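**Student:** Pasting final19.csv below, which is CSV, C-alpha atoms and all ligand atoms.
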chain,number,residue,atom,x,y,z
A,1,MET,CA,128.5,114.6,87.5
A,2,GLY,CA,129.8,113.0,90.7
A,3,ARG,CA,130.4,109.3,91.2
A,4,LEU,CA,127.2,107.2,91.0
A,5,ARG,CA,126.2,105.4,94.2
A,6,HIS,CA,125.2,101.8,93.9
A,7,CYS,CA,123.9,101.1,97.4
A,8,PHE,CA,121.9,102.8,100.1
A,9,ILE,CA,120.8,101.8,103.6
A,10,ILE,CA,117.6,102.6,105.4
A,11,ARG,CA,118.0,102.1,109.1
A,12,SER,CA,114.9,101.5,111.2
A,13,PRO,CA,113.6,99.9,114.4
A,14,HIS,CA,112.1,97.2,112.2
A,15,GLY,CA,115.5,96.3,110.7
A,16,ASN,CA,117.8,97.7,108.1
A,17,SER,CA,117.2,97.6,104.4
A,18,ARG,CA,119.9,97.6,101.8
A,19,ILE,CA,118.9,99.0,98.4
A,20,CYS,CA,121.3,98.3,95.6
A,21,ILE,CA,121.3,99.3,91.9
A,22,LYS,CA,122.9,96.5,90.0
A,23,ALA,CA,123.0,95.1,86.5
A,24,GLU,CA,122.3,91.4,86.2
A,25,GLY,CA,119.6,91.4,89.0
A,26,PHE,CA,119.1,87.6,88.9
A,27,LEU,CA,122.8,87.0,89.3
A,28,GLU,CA,122.9,89.4,92.2
A,29,LEU,CA,119.9,87.7,93.8
A,30,GLN,CA,121.6,84.3,93.4
A,31,LYS,CA,124.8,85.7,95.0
A,32,TYR,CA,122.9,87.4,97.8
A,33,LEU,CA,121.0,84.2,98.7
A,34,ASP,CA,124.1,82.1,98.6
A,35,LYS,CA,125.8,84.5,101.0
A,36,HIS,CA,123.0,85.2,103.4
A,37,HIS,CA,120.5,82.4,103.2
A,38,LYS,CA,122.5,79.3,102.2
A,39,GLY,CA,120.3,76.2,102.6
A,40,GLY,CA,117.1,78.2,102.8
A,41,ARG,CA,114.3,77.6,100.3
A,42,VAL,CA,113.1,80.5,98.1
A,43,ALA,CA,109.6,81.5,97.3
A,44,VAL,CA,109.3,83.9,94.4
A,45,ILE,CA,106.0,85.8,94.4
A,46,SER,CA,105.2,87.5,91.1
A,47,ASP,CA,102.3,88.4,88.9
A,48,THR,CA,101.0,86.9,85.6
A,49,ASN,CA,102.7,89.6,83.4
A,50,VAL,CA,106.1,89.6,85.0
A,51,ALA,CA,106.2,85.8,85.5
A,52,GLY,CA,105.0,85.4,81.9
A,53,ILE,CA,108.1,87.3,80.7
A,54,TYR,CA,110.7,86.2,83.2
A,55,HIS,CA,109.8,82.7,84.2
A,56,ASP,CA,112.7,81.1,82.3
A,57,ARG,CA,115.1,83.6,83.7
A,58,ILE,CA,113.9,82.9,87.3
A,59,LYS,CA,114.2,79.2,86.7
A,60,SER,CA,117.7,79.3,85.3
A,61,ALA,CA,118.9,81.6,88.1
A,62,LEU,CA,117.1,79.8,90.9
A,63,PRO,CA,116.3,76.2,89.7
A,64,GLU,CA,115.1,75.2,93.1
A,65,ALA,CA,112.8,78.2,93.8
A,66,ASP,CA,109.1,77.8,94.0
A,67,ILE,CA,107.2,80.4,92.0
A,68,PHE,CA,103.8,81.7,93.1
A,69,VAL,CA,102.0,83.7,90.6
A,70,THR,CA,99.0,86.0,91.2
A,71,GLU,CA,96.8,87.8,88.7
A,72,ALA,CA,98.4,91.1,87.5
A,73,GLY,CA,96.7,94.3,88.7
A,74,GLU,CA,95.6,96.1,91.8
A,75,LYS,CA,92.7,93.8,92.3
A,76,SER,CA,95.1,91.1,93.6
A,77,LYS,CA,96.3,93.4,96.4
A,78,THR,CA,93.8,91.9,98.9
A,79,MET,CA,93.7,90.0,102.2
A,80,LYS,CA,92.1,87.1,100.3
A,81,VAL,CA,95.1,86.8,97.9
A,82,ALA,CA,97.6,87.3,100.8
A,83,GLU,CA,95.8,84.5,102.7
A,84,ALA,CA,95.9,82.2,99.7
A,85,LEU,CA,99.6,82.9,99.2
A,86,CYS,CA,100.2,82.0,102.9
A,87,ALA,CA,98.2,78.8,102.5
A,88,ASP,CA,100.3,78.0,99.4
A,89,LEU,CA,103.6,78.6,101.3
A,90,LEU,CA,102.4,76.4,104.1
A,91,GLU,CA,101.3,73.7,101.8
A,92,ALA,CA,104.7,73.8,100.0
A,93,GLY,CA,106.4,73.4,103.4
A,94,PHE,CA,108.0,76.9,103.8
A,95,THR,CA,109.3,77.6,107.2
A,96,ARG,CA,110.7,80.6,109.1
A,97,LYS,CA,114.2,79.9,107.7
A,98,ASP,CA,113.1,80.4,104.1
A,99,VAL,CA,113.0,83.5,102.0
A,100,VAL,CA,110.2,85.3,100.1
A,101,VAL,CA,111.2,87.3,97.0
A,102,GLY,CA,108.8,89.8,95.6
A,103,LEU,CA,109.4,90.1,91.9
A,104,GLY,CA,107.2,92.7,90.2
A,105,GLY,CA,105.8,96.2,90.4
A,106,GLY,CA,104.5,98.0,93.5
A,107,MET,CA,101.5,95.8,93.7
A,108,ILE,CA,103.7,92.7,94.1
A,109,THR,CA,106.3,94.3,96.4
A,110,ASP,CA,103.5,95.5,98.7
A,111,LEU,CA,101.6,92.2,98.6
A,112,ALA,CA,104.7,89.9,98.9
A,113,GLY,CA,106.2,92.1,101.6
A,114,PHE,CA,102.9,91.9,103.5
A,115,VAL,CA,102.9,88.1,103.1
A,116,ALA,CA,106.5,87.9,104.2
A,117,SER,CA,105.8,90.0,107.3
A,118,VAL,CA,102.9,87.9,108.6
A,119,TYR,CA,103.7,84.4,107.4
A,120,MET,CA,104.9,82.5,110.5
A,121,ARG,CA,105.2,85.9,112.2
A,122,GLY,CA,107.7,87.1,109.6
A,123,VAL,CA,110.2,85.5,107.2
A,124,PRO,CA,113.1,87.2,105.4
A,125,PHE,CA,112.0,89.4,102.5
A,126,ILE,CA,113.8,90.5,99.3
A,127,ALA,CA,112.3,92.9,96.8
A,128,MET,CA,113.1,92.8,93.1
A,129,PRO,CA,111.1,95.7,91.7
A,130,THR,CA,110.4,95.6,88.0
A,131,THR,CA,108.5,98.9,87.4
A,132,LEU,CA,110.1,102.3,87.6
A,133,LEU,CA,107.6,103.3,90.3
A,134,ALA,CA,108.5,100.3,92.4
A,135,MET,CA,112.2,100.9,92.0
A,136,ILE,CA,112.2,104.5,93.1
A,137,ASP,CA,109.2,104.4,95.4
A,138,ALA,CA,107.1,101.4,96.4
A,139,ALA,CA,109.9,98.9,97.1
A,140,VAL,CA,111.9,101.5,99.1
A,141,GLY,CA,110.9,102.4,102.6
A,142,GLY,CA,109.5,99.3,104.2
A,143,LYS,CA,105.7,99.9,103.9
A,144,THR,CA,103.7,96.8,102.8
A,145,GLY,CA,100.0,96.5,102.5
A,146,VAL,CA,96.8,95.2,100.9
A,147,ASN,CA,93.6,97.1,100.1
A,148,LEU,CA,90.3,96.8,102.0
A,149,GLY,CA,87.9,98.9,100.0
A,150,ALA,CA,90.3,101.8,100.2
A,151,LYS,CA,93.9,101.5,99.5
A,152,ASN,CA,96.5,100.1,101.9
A,153,ILE,CA,94.1,99.8,104.9
A,154,ILE,CA,95.9,96.7,106.2
A,155,GLY,CA,99.6,96.7,106.2
A,156,THR,CA,102.9,96.5,108.1
A,157,PHE,CA,106.2,98.3,108.3
A,158,TYR,CA,108.5,95.5,107.2
A,159,PRO,CA,111.6,96.6,105.4
A,160,ALA,CA,113.0,94.2,102.7
A,161,GLU,CA,116.4,93.2,103.9
A,162,ALA,CA,117.6,93.7,100.3
A,163,VAL,CA,116.1,95.6,97.4
A,164,LEU,CA,117.8,94.7,94.2
A,165,VAL,CA,117.2,97.2,91.5
A,166,ASP,CA,118.1,96.2,87.9
A,167,GLN,CA,117.0,98.7,85.3
A,168,ALA,CA,117.1,96.0,82.6
A,169,PHE,CA,113.5,95.0,83.7
A,170,LEU,CA,112.3,98.4,82.4
A,171,LYS,CA,113.0,97.3,78.8
A,172,THR,CA,109.8,95.2,78.9
A,173,LEU,CA,107.7,97.7,80.8
A,174,PRO,CA,104.8,99.3,78.9
A,175,GLU,CA,105.4,103.0,78.1
A,176,ARG,CA,102.4,104.2,80.1
A,177,GLU,CA,103.8,102.5,83.2
A,178,MET,CA,107.2,104.0,82.5
A,179,LYS,CA,105.6,107.5,82.5
A,180,THR,CA,103.8,106.8,85.8
A,181,GLY,CA,107.2,106.2,87.4
A,182,MET,CA,108.6,109.3,85.8
A,183,ALA,CA,105.9,111.4,87.5
A,184,GLU,CA,107.4,110.2,90.9
A,185,ALA,CA,110.9,111.1,89.7
A,186,ILE,CA,109.7,114.6,88.8
A,187,LYS,CA,108.2,114.8,92.2
A,188,TYR,CA,111.6,114.1,93.8
A,189,ALA,CA,113.2,116.8,91.5
A,190,THR,CA,110.6,119.3,92.5
A,191,ILE,CA,110.6,119.0,96.2
A,192,LEU,CA,113.9,117.3,97.2
A,193,ASP,CA,116.7,117.2,94.6
A,194,ALA,CA,117.1,120.1,92.1
A,195,SER,CA,119.9,118.3,90.3
A,196,LEU,CA,117.4,115.7,89.0
A,197,GLU,CA,115.8,118.3,86.7
A,198,ARG,CA,118.8,118.3,84.4
A,199,ASP,CA,118.6,114.5,84.0
A,200,LEU,CA,114.8,114.6,83.5
A,201,ILE,CA,114.8,117.2,80.8
A,202,ALA,CA,117.8,115.8,78.8
A,203,ASN,CA,116.9,114.9,75.2
A,204,GLN,CA,117.5,111.2,75.8
A,205,PRO,CA,117.2,110.9,79.5
A,206,ASP,CA,119.8,108.5,81.0
A,207,LEU,CA,117.9,106.3,83.5
A,208,ARG,CA,120.9,105.5,85.7
A,209,PRO,CA,121.2,108.9,87.4
A,210,ILE,CA,117.4,109.2,87.6
A,211,LEU,CA,117.2,105.9,89.5
A,212,GLU,CA,120.0,106.8,91.8
A,213,LYS,CA,119.0,110.3,92.7
A,214,SER,CA,115.3,109.3,93.1
A,215,ILE,CA,116.2,106.4,95.4
A,216,ALA,CA,118.6,108.6,97.3
A,217,ALA,CA,115.8,111.2,97.9
A,218,LYS,CA,113.4,108.6,99.2
A,219,VAL,CA,116.1,106.9,101.3
A,220,GLN,CA,117.0,110.2,102.9
A,221,VAL,CA,113.4,111.0,103.8
A,222,CYS,CA,112.8,107.5,105.2
A,223,ASN,CA,115.9,107.6,107.3
A,224,GLU,CA,114.8,110.9,108.8
A,225,ASP,CA,111.3,109.9,109.3
A,226,LEU,CA,110.3,106.3,109.1
A,227,LYS,CA,106.8,106.6,110.5
A,228,GLU,CA,105.3,109.5,108.5
A,229,SER,CA,105.3,111.8,111.5
A,230,GLY,CA,106.9,114.6,109.7
A,231,LEU,CA,109.3,114.7,106.7
A,232,ARG,CA,107.8,111.7,105.0
A,233,LYS,CA,104.7,113.9,104.4
A,234,VAL,CA,106.6,115.8,101.7
A,235,LEU,CA,106.4,112.6,99.5
A,236,ASN,CA,102.7,113.4,99.2
A,237,PHE,CA,103.5,116.4,96.9
A,238,GLY,CA,100.8,116.2,94.2
A,239,HIS,CA,99.2,113.2,95.9
A,240,THR,CA,96.4,114.8,97.9
A,241,PHE,CA,94.8,116.0,94.7
A,242,GLY,CA,96.3,113.1,92.8
A,243,HIS,CA,94.5,110.4,94.8
A,244,ALA,CA,91.2,112.2,94.4
A,245,ILE,CA,91.7,112.6,90.6
A,246,GLU,CA,92.8,109.0,90.2
A,247,TYR,CA,89.7,107.9,92.0
A,248,LEU,CA,87.3,110.3,90.2
A,249,SER,CA,88.7,109.2,86.8
A,250,ARG,CA,87.6,105.7,87.8
A,251,TYR,CA,91.2,104.7,87.4
A,252,LYS,CA,91.2,105.6,83.7
A,253,LEU,CA,94.2,107.8,84.6
A,254,THR,CA,97.2,106.0,86.0
A,255,HIS,CA,98.6,107.0,89.4
A,256,GLY,CA,101.4,109.0,87.7
A,257,GLU,CA,99.0,110.8,85.4
A,258,ALA,CA,96.8,111.8,88.3
A,259,ILE,CA,99.7,113.0,90.5
A,260,SER,CA,101.0,114.9,87.5
A,261,ILE,CA,97.8,116.9,87.5
A,262,GLY,CA,97.9,117.1,91.3
A,263,MET,CA,101.4,118.6,91.2
A,264,VAL,CA,100.1,121.3,88.8
A,265,LEU,CA,97.2,122.1,91.2
A,266,ALA,CA,99.6,122.3,94.1
A,267,ASN,CA,101.7,124.8,92.1
A,268,LYS,CA,98.6,126.8,91.5
A,269,ILE,CA,98.0,127.0,95.3
A,270,ALA,CA,101.7,127.9,95.9
A,271,GLN,CA,101.4,130.8,93.4
A,272,LYS,CA,98.2,132.1,94.9
A,273,LEU,CA,99.9,132.1,98.3
A,274,GLY,CA,102.8,134.0,96.8
A,275,ARG,CA,105.2,131.2,97.6
A,276,GLN,CA,106.0,130.2,94.0
A,277,SER,CA,106.9,132.1,90.9
A,278,LYS,CA,105.0,131.4,87.7
A,279,ALA,CA,108.3,130.7,86.0
A,280,HIS,CA,109.0,127.9,88.5
A,281,GLY,CA,105.5,126.4,88.1
A,282,ASP,CA,106.0,126.5,84.3
A,283,ARG,CA,109.3,124.6,84.6
A,284,ILE,CA,107.6,121.8,86.5
A,285,SER,CA,104.8,121.7,83.9
A,286,GLU,CA,107.4,121.5,81.1
A,287,MET,CA,109.1,118.5,82.8
A,288,LEU,CA,105.7,116.8,83.1
A,289,LYS,CA,104.8,117.5,79.4
A,290,LYS,CA,108.2,116.3,78.3
A,291,HIS,CA,107.4,112.9,79.7
A,292,GLY,CA,104.0,112.8,78.2
A,293,LEU,CA,102.2,113.5,81.4
A,294,PRO,CA,98.9,115.5,81.6
A,295,THR,CA,98.8,118.9,83.3
A,296,GLU,CA,95.1,119.7,83.3
A,297,VAL,CA,92.1,118.2,85.1
A,298,PRO,CA,90.2,116.2,82.5
A,299,LYS,CA,86.9,117.8,81.4
A,300,TYR,CA,84.8,115.0,82.8
A,301,ILE,CA,86.0,115.7,86.4
A,302,LYS,CA,84.7,118.8,88.2
A,303,LEU,CA,87.1,120.7,90.4
A,304,LYS,CA,84.4,120.9,93.0
A,305,GLU,CA,84.3,117.1,93.2
A,306,VAL,CA,88.0,117.0,93.5
A,307,ILE,CA,87.9,119.4,96.5
A,308,GLU,CA,85.1,117.4,98.1
A,309,MET,CA,87.1,114.2,97.7
A,310,VAL,CA,90.2,115.8,99.1
A,311,TYR,CA,88.4,116.6,102.3
A,312,ARG,CA,87.2,113.0,102.6
A,313,ASP,CA,90.8,111.8,102.4
A,314,LYS,CA,92.3,109.7,105.2
A,315,LYS,CA,95.0,112.3,105.8
A,316,MET,CA,92.4,114.7,107.0
A,317,ASP,CA,93.5,116.7,110.1
A,318,GLY,CA,90.4,118.5,111.6
A,319,GLN,CA,89.0,120.8,109.0
A,320,LYS,CA,92.3,121.5,107.3
A,321,VAL,CA,94.1,119.4,104.8
A,322,THR,CA,97.9,119.4,104.5
A,323,PHE,CA,99.4,120.3,101.1
A,324,ILE,CA,103.0,120.2,100.1
A,325,LEU,CA,104.2,123.1,98.0
A,326,SER,CA,107.3,123.5,95.9
A,327,LEU,CA,109.0,126.9,96.5
A,328,GLY,CA,111.9,126.4,94.1
A,329,MET,CA,113.4,123.3,92.5
A,330,GLY,CA,114.2,120.8,95.3
A,331,GLN,CA,112.5,122.9,98.0
A,332,HIS,CA,109.3,122.2,99.8
A,333,LYS,CA,107.0,123.7,102.3
A,334,ILE,CA,104.0,122.2,104.2
A,335,VAL,CA,100.8,124.2,104.5
A,336,LYS,CA,97.3,123.5,105.9
A,337,LEU,CA,94.2,124.8,104.2
A,338,THR,CA,90.4,124.7,104.8
A,339,PRO,CA,88.0,123.7,101.9
A,340,ASP,CA,86.9,127.4,101.5
A,341,GLU,CA,90.5,128.6,101.2
A,342,LEU,CA,91.2,125.9,98.7
A,343,MET,CA,88.1,126.6,96.6
A,344,LYS,CA,89.0,130.3,96.4
A,345,MET,CA,92.5,129.6,95.3
A,346,LEU,CA,91.6,127.1,92.6
A,347,LYS,CA,88.7,129.0,91.0
B,401,LIG,N1,104.8,100.7,99.8
B,401,LIG,C1,104.9,101.9,99.3
B,401,LIG,O1,105.6,102.7,99.9
B,401,LIG,C2,104.2,102.3,98.0
B,401,LIG,C3,104.5,103.5,97.4
B,401,LIG,C4,104.0,103.8,96.2
B,401,LIG,C5,103.1,102.9,95.6
B,401,LIG,N2,102.8,101.7,96.2
B,401,LIG,C6,101.9,100.7,95.6
B,401,LIG,O2,102.5,100.3,94.4
B,401,LIG,C7,101.4,99.9,93.5
B,401,LIG,C8,101.6,100.4,92.1
B,401,LIG,O3,102.8,99.9,91.6
B,401,LIG,P1,103.1,99.8,90.1
B,401,LIG,O4,102.8,101.1,89.5
B,401,LIG,O5,104.5,99.3,89.9
B,401,LIG,O6,102.0,98.8,89.6
B,401,LIG,P2,101.9,97.3,89.3
B,401,LIG,O7,102.7,96.5,90.2
B,401,LIG,O8,100.5,96.9,89.2
B,401,LIG,O9,102.6,97.2,87.8
B,401,LIG,C9,102.0,97.8,86.7
B,401,LIG,C10,101.9,96.9,85.5
B,401,LIG,O10,103.1,96.6,84.9
B,401,LIG,C11,103.3,95.2,84.8
B,401,LIG,N3,104.8,95.0,84.9
B,401,LIG,C12,105.5,95.1,86.0
B,401,LIG,N4,106.8,95.0,85.7
B,401,LIG,C13,106.9,94.7,84.4
B,401,LIG,C14,107.9,94.5,83.5
B,401,LIG,N5,109.2,94.7,83.9
B,401,LIG,N6,107.6,94.3,82.2
B,401,LIG,C15,106.3,94.2,81.8
B,401,LIG,N7,105.3,94.5,82.6
B,401,LIG,C16,105.5,94.7,83.9
B,401,LIG,C17,102.5,94.6,85.9
B,401,LIG,O11,102.1,93.3,85.7
B,401,LIG,C18,101.3,95.5,85.9
B,401,LIG,O12,100.4,95.2,84.9
B,401,LIG,C19,100.1,100.3,94.2
B,401,LIG,O13,99.5,99.2,94.8
B,401,LIG,C20,100.6,101.3,95.3
B,401,LIG,O14,99.7,101.3,96.4
B,401,LIG,C21,103.4,101.4,97.4
B,402,ZN,ZN,102.8,108.1,94.2
Could you rewrite the structure in this file as structure tokens?
Ligand SMILES: NC(=O)c1ccc[n+]([C@@H]2O[C@H](COP(=O)([O-])OP(=O)(O)OC[C@H]3O[C@@H](n4cnc5c(N)ncnc54)[C@H](O)[C@@H]3O)[C@@H](O)[C@H]2O)c1
Ligand SMILES: [Zn+2]

**Tutor:**
Amino acid sequence: MGRLRHCFIIRSPHGNSRICIKAEGFLELQKYLDKHHKGGRVAVISDTNVAGIYHDRIKSALPEADIFVTEAGEKSKTMKVAEALCADLLEAGFTRKDVVVGLGGGMITDLAGFVASVYMRGVPFIAMPTTLLAMIDAAVGGKTGVNLGAKNIIGTFYPAEAVLVDQAFLKTLPEREMKTGMAEAIKYATILDASLERDLIANQPDLRPILEKSIAAKVQVCNEDLKESGLRKVLNFGHTFGHAIEYLSRYKLTHGEAISIGMVLANKIAQKLGRQSKAHGDRISEMLKKHGLPTEVPKYIKLKEVIEMVYRDKKMDGQKVTFILSLGMGQHKIVKLTPDELMKMLK
């Protein structure tokens, strides 16, 4: 294997973002703040689970920091909570010179990034992702947001000036959350980086190359297409079905479990279109199963409902919906299909 890369840069009109994989994340944060924000105050935004585990570590690394804790879970990703956090920052006297650090999973990096982007028209933002999903996906790429009925209806492009990725956080992450992140890594292997497959099917997968290659894949896509006009769409592999399945399961399935099933359905379409061999589809399913991810639509969800839901999706484009197909490991293709075409293929 080649030399591992520690740092990546995403360049954008909204500013550059440096994503670094480092051990001793809190020490790195301390060093970074000393170098780039000396004299500035620090607001750490986190959730009840993460702050519960890491409170003392935050306090010993950053004794002066103010810690703002929100309830864990997607229900906190709202305007109301964002507004309350802004009010807390104001009351505590935070100014434009000060820094917001988002310490948590994707819920927190989205929420804290959003708060940082609007508080006093924008204050410096640093992300410290603590879930695998946030390390390889949510905290990388500059999208922030809160939900308004549907997901991420209100949001901004506001790249974190630094994203500090320390895999040691994953030691305390519940297993099911770990699997949900693995589903995104499998997505990257399938459509962008074939070499990830070997790391993912290893008997005792080494997280380091999985983190590095997954981040590299997302960084590459973001650098080529920051505003989702083209290439960024490929990141939706498995997600068009996945979002519908996640919703129809009433969130009993995690995001990763739902996109795992979504990837298998996308493979079914690719095979019906003659664009994917059965052997390739089976390889992807094997990777998913190896990480304990489901590959079949649960009995309590009807395929017809999934298709109806897909065509209500916000990424609708006329009558046709865009699907990402995997042609071979690391290779993708974008197709557009009508509901009838889709129904015939999935029957
Ligand atoms: N901005 C983007 O580009 C982007 C991309 C993908 C997903 N997202 C967003 O990310 C969110 C999902 O992120 P997530 O899956 O990380 O969920 P999450 O942030 O809700 O975290 C999952 C659970 O793990 C807990 N947790 C986090 N880190 C922990 C740790 N180290 N130890 C123990 N427990 C820990 C959390 O408290 C939570 O209960 C969604 O809101 C989604 O919309 C954003
Ligand atoms: Zn996803």

**Student:** Ranking A:Ala87, A:Leu265, A:Val140, A:Leu33 by minimum distance to ligand LIG 401 (chain B) and counting all atoms listed in the file, which one comes first?

**Tutor:**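 Selected residue with least distance to ligand LIG 401 (chain B): A:Val140.
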
**Student:** Hey, which residues come within 10 Å of ligand ZN 402 (chain B) if we count all atoms listed in the file? Could you give them as number ranges by chain?

**Tutor:** A: 133-134, 137-138, 180-181, 183-185, 187, 235-240, 242-243, 255-260

**Student:** Find the residue from A:Gly93, A:Pro174, A:Gly149, A:Gly39 that sits nearest to ligand LIG 401 (chain B); use only C-alpha atoms and all ligand atoms when measuring.

**Tutor:**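 Checking each candidate against ligand LIG 401 (chain B), we get A:Pro174 as the closest.
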
**Student:** Per residue of chain A within 7 Å of ligand LIG 401 (chain B), which atom pair is closest and at what distance in Å (one decimal), using all atoms listed in the file, listed by chain and increasing number, as a Markdown table?

**Tutor:**
| residue | atom | partner | partner_atom | distance |
| --- | --- | --- | --- | --- |
| A:Asp47 | CA | B:LIG401 | O11 | 5.9 |
| A:Thr48 | CA | B:LIG401 | O11 | 6.5 |
| A:Asn49 | CA | B:LIG401 | O11 | 4.4 |
| A:Val50 | CA | B:LIG401 | C13 | 5.2 |
| A:Ala72 | CA | B:LIG401 | O11 | 4.7 |
| A:Gly73 | CA | B:LIG401 | O8 | 4.6 |
| A:Glu74 | CA | B:LIG401 | O8 | 5.6 |
| A:Lys77 | CA | B:LIG401 | O13 | 6.8 |
| A:Gly104 | CA | B:LIG401 | N4 | 5.1 |
| A:Gly105 | CA | B:LIG401 | O7 | 3.1 |
| A:Gly106 | CA | B:LIG401 | O2 | 3.2 |
| A:Met107 | CA | B:LIG401 | O7 | 3.8 |
| A:Ile108 | CA | B:LIG401 | O7 | 5.5 |
| A:Asp110 | CA | B:LIG401 | N1 | 5.5 |
| A:Thr130 | CA | B:LIG401 | N4 | 4.3 |
| A:Thr131 | CA | B:LIG401 | N4 | 4.6 |
| A:Leu132 | CA | B:LIG401 | O5 | 6.8 |
| A:Leu133 | CA | B:LIG401 | O5 | 5.1 |
| A:Ala134 | CA | B:LIG401 | O5 | 4.8 |
| A:Asp137 | CA | B:LIG401 | C3 | 5.2 |
| A:Ala138 | CA | B:LIG401 | C2 | 3.4 |
| A:Ala139 | CA | B:LIG401 | N1 | 6.0 |
| A:Val140 | CA | B:LIG401 | O1 | 6.5 |
| A:Gly141 | CA | B:LIG401 | O1 | 6.0 |
| A:Gly142 | CA | B:LIG401 | N1 | 6.6 |
| A:Lys143 | CA | B:LIG401 | N1 | 4.3 |
| A:Thr144 | CA | B:LIG401 | N1 | 5.0 |
| A:Gly145 | CA | B:LIG401 | N1 | 6.9 |
| A:Lys151 | CA | B:LIG401 | O14 | 6.6 |
| A:Asn152 | CA | B:LIG401 | O14 | 6.5 |
| A:Phe169 | CA | B:LIG401 | N5 | 4.3 |
| A:Leu170 | CA | B:LIG401 | N5 | 5.1 |
| A:Lys171 | CA | B:LIG401 | N5 | 6.9 |
| A:Thr172 | CA | B:LIG401 | N6 | 4.1 |
| A:Leu173 | CA | B:LIG401 | N6 | 3.7 |
| A:Pro174 | CA | B:LIG401 | C15 | 6.1 |
| A:Glu177 | CA | B:LIG401 | C9 | 6.1 |
| A:Thr180 | CA | B:LIG401 | O4 | 6.9 |

**Student:** Only C-alpha atoms, please: the residues just picked out, written as a PDB file, in the frame of the given file.

**Tutor:**
ATOM      1  CA  ASP A  47     102.300  88.400  88.900  1.00  0.00           C
ATOM      2  CA  THR A  48     101.000  86.900  85.600  1.00  0.00           C
ATOM      3  CA  ASN A  49     102.700  89.600  83.400  1.00  0.00           C
ATOM      4  CA  VAL A  50     106.100  89.600  85.000  1.00  0.00           C
ATOM      5  CA  ALA A  72      98.400  91.100  87.500  1.00  0.00           C
ATOM      6  CA  GLY A  73      96.700  94.300  88.700  1.00  0.00           C
ATOM      7  CA  GLU A  74      95.600  96.100  91.800  1.00  0.00           C
ATOM      8  CA  LYS A  77      96.300  93.400  96.400  1.00  0.00           C
ATOM      9  CA  GLY A 104     107.200  92.700  90.200  1.00  0.00           C
ATOM     10  CA  GLY A 105     105.800  96.200  90.400  1.00  0.00           C
ATOM     11  CA  GLY A 106     104.500  98.000  93.500  1.00  0.00           C
ATOM     12  CA  MET A 107     101.500  95.800  93.700  1.00  0.00           C
ATOM     13  CA  ILE A 108     103.700  92.700  94.100  1.00  0.00           C
ATOM     14  CA  ASP A 110     103.500  95.500  98.700  1.00  0.00           C
ATOM     15  CA  THR A 130     110.400  95.600  88.000  1.00  0.00           C
ATOM     16  CA  THR A 131     108.500  98.900  87.400  1.00  0.00           C
ATOM     17  CA  LEU A 132     110.100 102.300  87.600  1.00  0.00           C
ATOM     18  CA  LEU A 133     107.600 103.300  90.300  1.00  0.00           C
ATOM     19  CA  ALA A 134     108.500 100.300  92.400  1.00  0.00           C
ATOM     20  CA  ASP A 137     109.200 104.400  95.400  1.00  0.00           C
ATOM     21  CA  ALA A 138     107.100 101.400  96.400  1.00  0.00           C
ATOM     22  CA  ALA A 139     109.900  98.900  97.100  1.00  0.00           C
ATOM     23  CA  VAL A 140     111.900 101.500  99.100  1.00  0.00           C
ATOM     24  CA  GLY A 141     110.900 102.400 102.600  1.00  0.00           C
ATOM     25  CA  GLY A 142     109.500  99.300 104.200  1.00  0.00           C
ATOM     26  CA  LYS A 143     105.700  99.900 103.900  1.00  0.00           C
ATOM     27  CA  THR A 144     103.700  96.800 102.800  1.00  0.00           C
ATOM     28  CA  GLY A 145     100.000  96.500 102.500  1.00  0.00           C
ATOM     29  CA  LYS A 151      93.900 101.500  99.500  1.00  0.00           C
ATOM     30  CA  ASN A 152      96.500 100.100 101.900  1.00  0.00           C
ATOM     31  CA  PHE A 169     113.500  95.000  83.700  1.00  0.00           C
ATOM     32  CA  LEU A 170     112.300  98.400  82.400  1.00  0.00           C
ATOM     33  CA  LYS A 171     113.000  97.300  78.800  1.00  0.00           C
ATOM     34  CA  THR A 172     109.800  95.200  78.900  1.00  0.00           C
ATOM     35  CA  LEU A 173     107.700  97.700  80.800  1.00  0.00           C
ATOM     36  CA  PRO A 174     104.800  99.300  78.900  1.00  0.00           C
ATOM     37  CA  GLU A 177     103.800 102.500  83.200  1.00  0.00           C
ATOM     38  CA  THR A 180     103.800 106.800  85.800  1.00  0.00           C
TER      39      THR A 180
END

**Student:** Under the rule that only C-alpha atoms are counted, which of A:His14, A:Arg176, A:His55, A:Lys333 is the nearest residue to Thr156 in chain A?

**Tutor:**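 Under the stated criterion, the closest residue is A:His14.
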
**Student:** Rank A:Phe241, A:Phe157, A:Phe68, A:Tyr188 by their smallest atom-to-atom distance to Gln331 in chain A, using all atoms listed in the file, and report the top residue only.

**Tutor:**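 Distance minimum relative to Gln331 in chain A lands on A:Tyr188.
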
**Student:** Counting all atoms listed in the file, which residues sit no farther than 12 Å from the position (103.4, 128.6, 98.8) in the file's frame? I'd like them as a ChimeraX atom specification.

**Tutor:** /A:265-278,280-281,323-328,331-337,345

**Student:** Name the closest residue to Pro129 in chain A among the candidates A:Arg232, A:Arg250, A:Lys22, A:Arg5; distances are taken between atoms, counting only C-alpha atoms.

**Tutor:**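 So, comparing all the options, the nearest one is A:Lys22.
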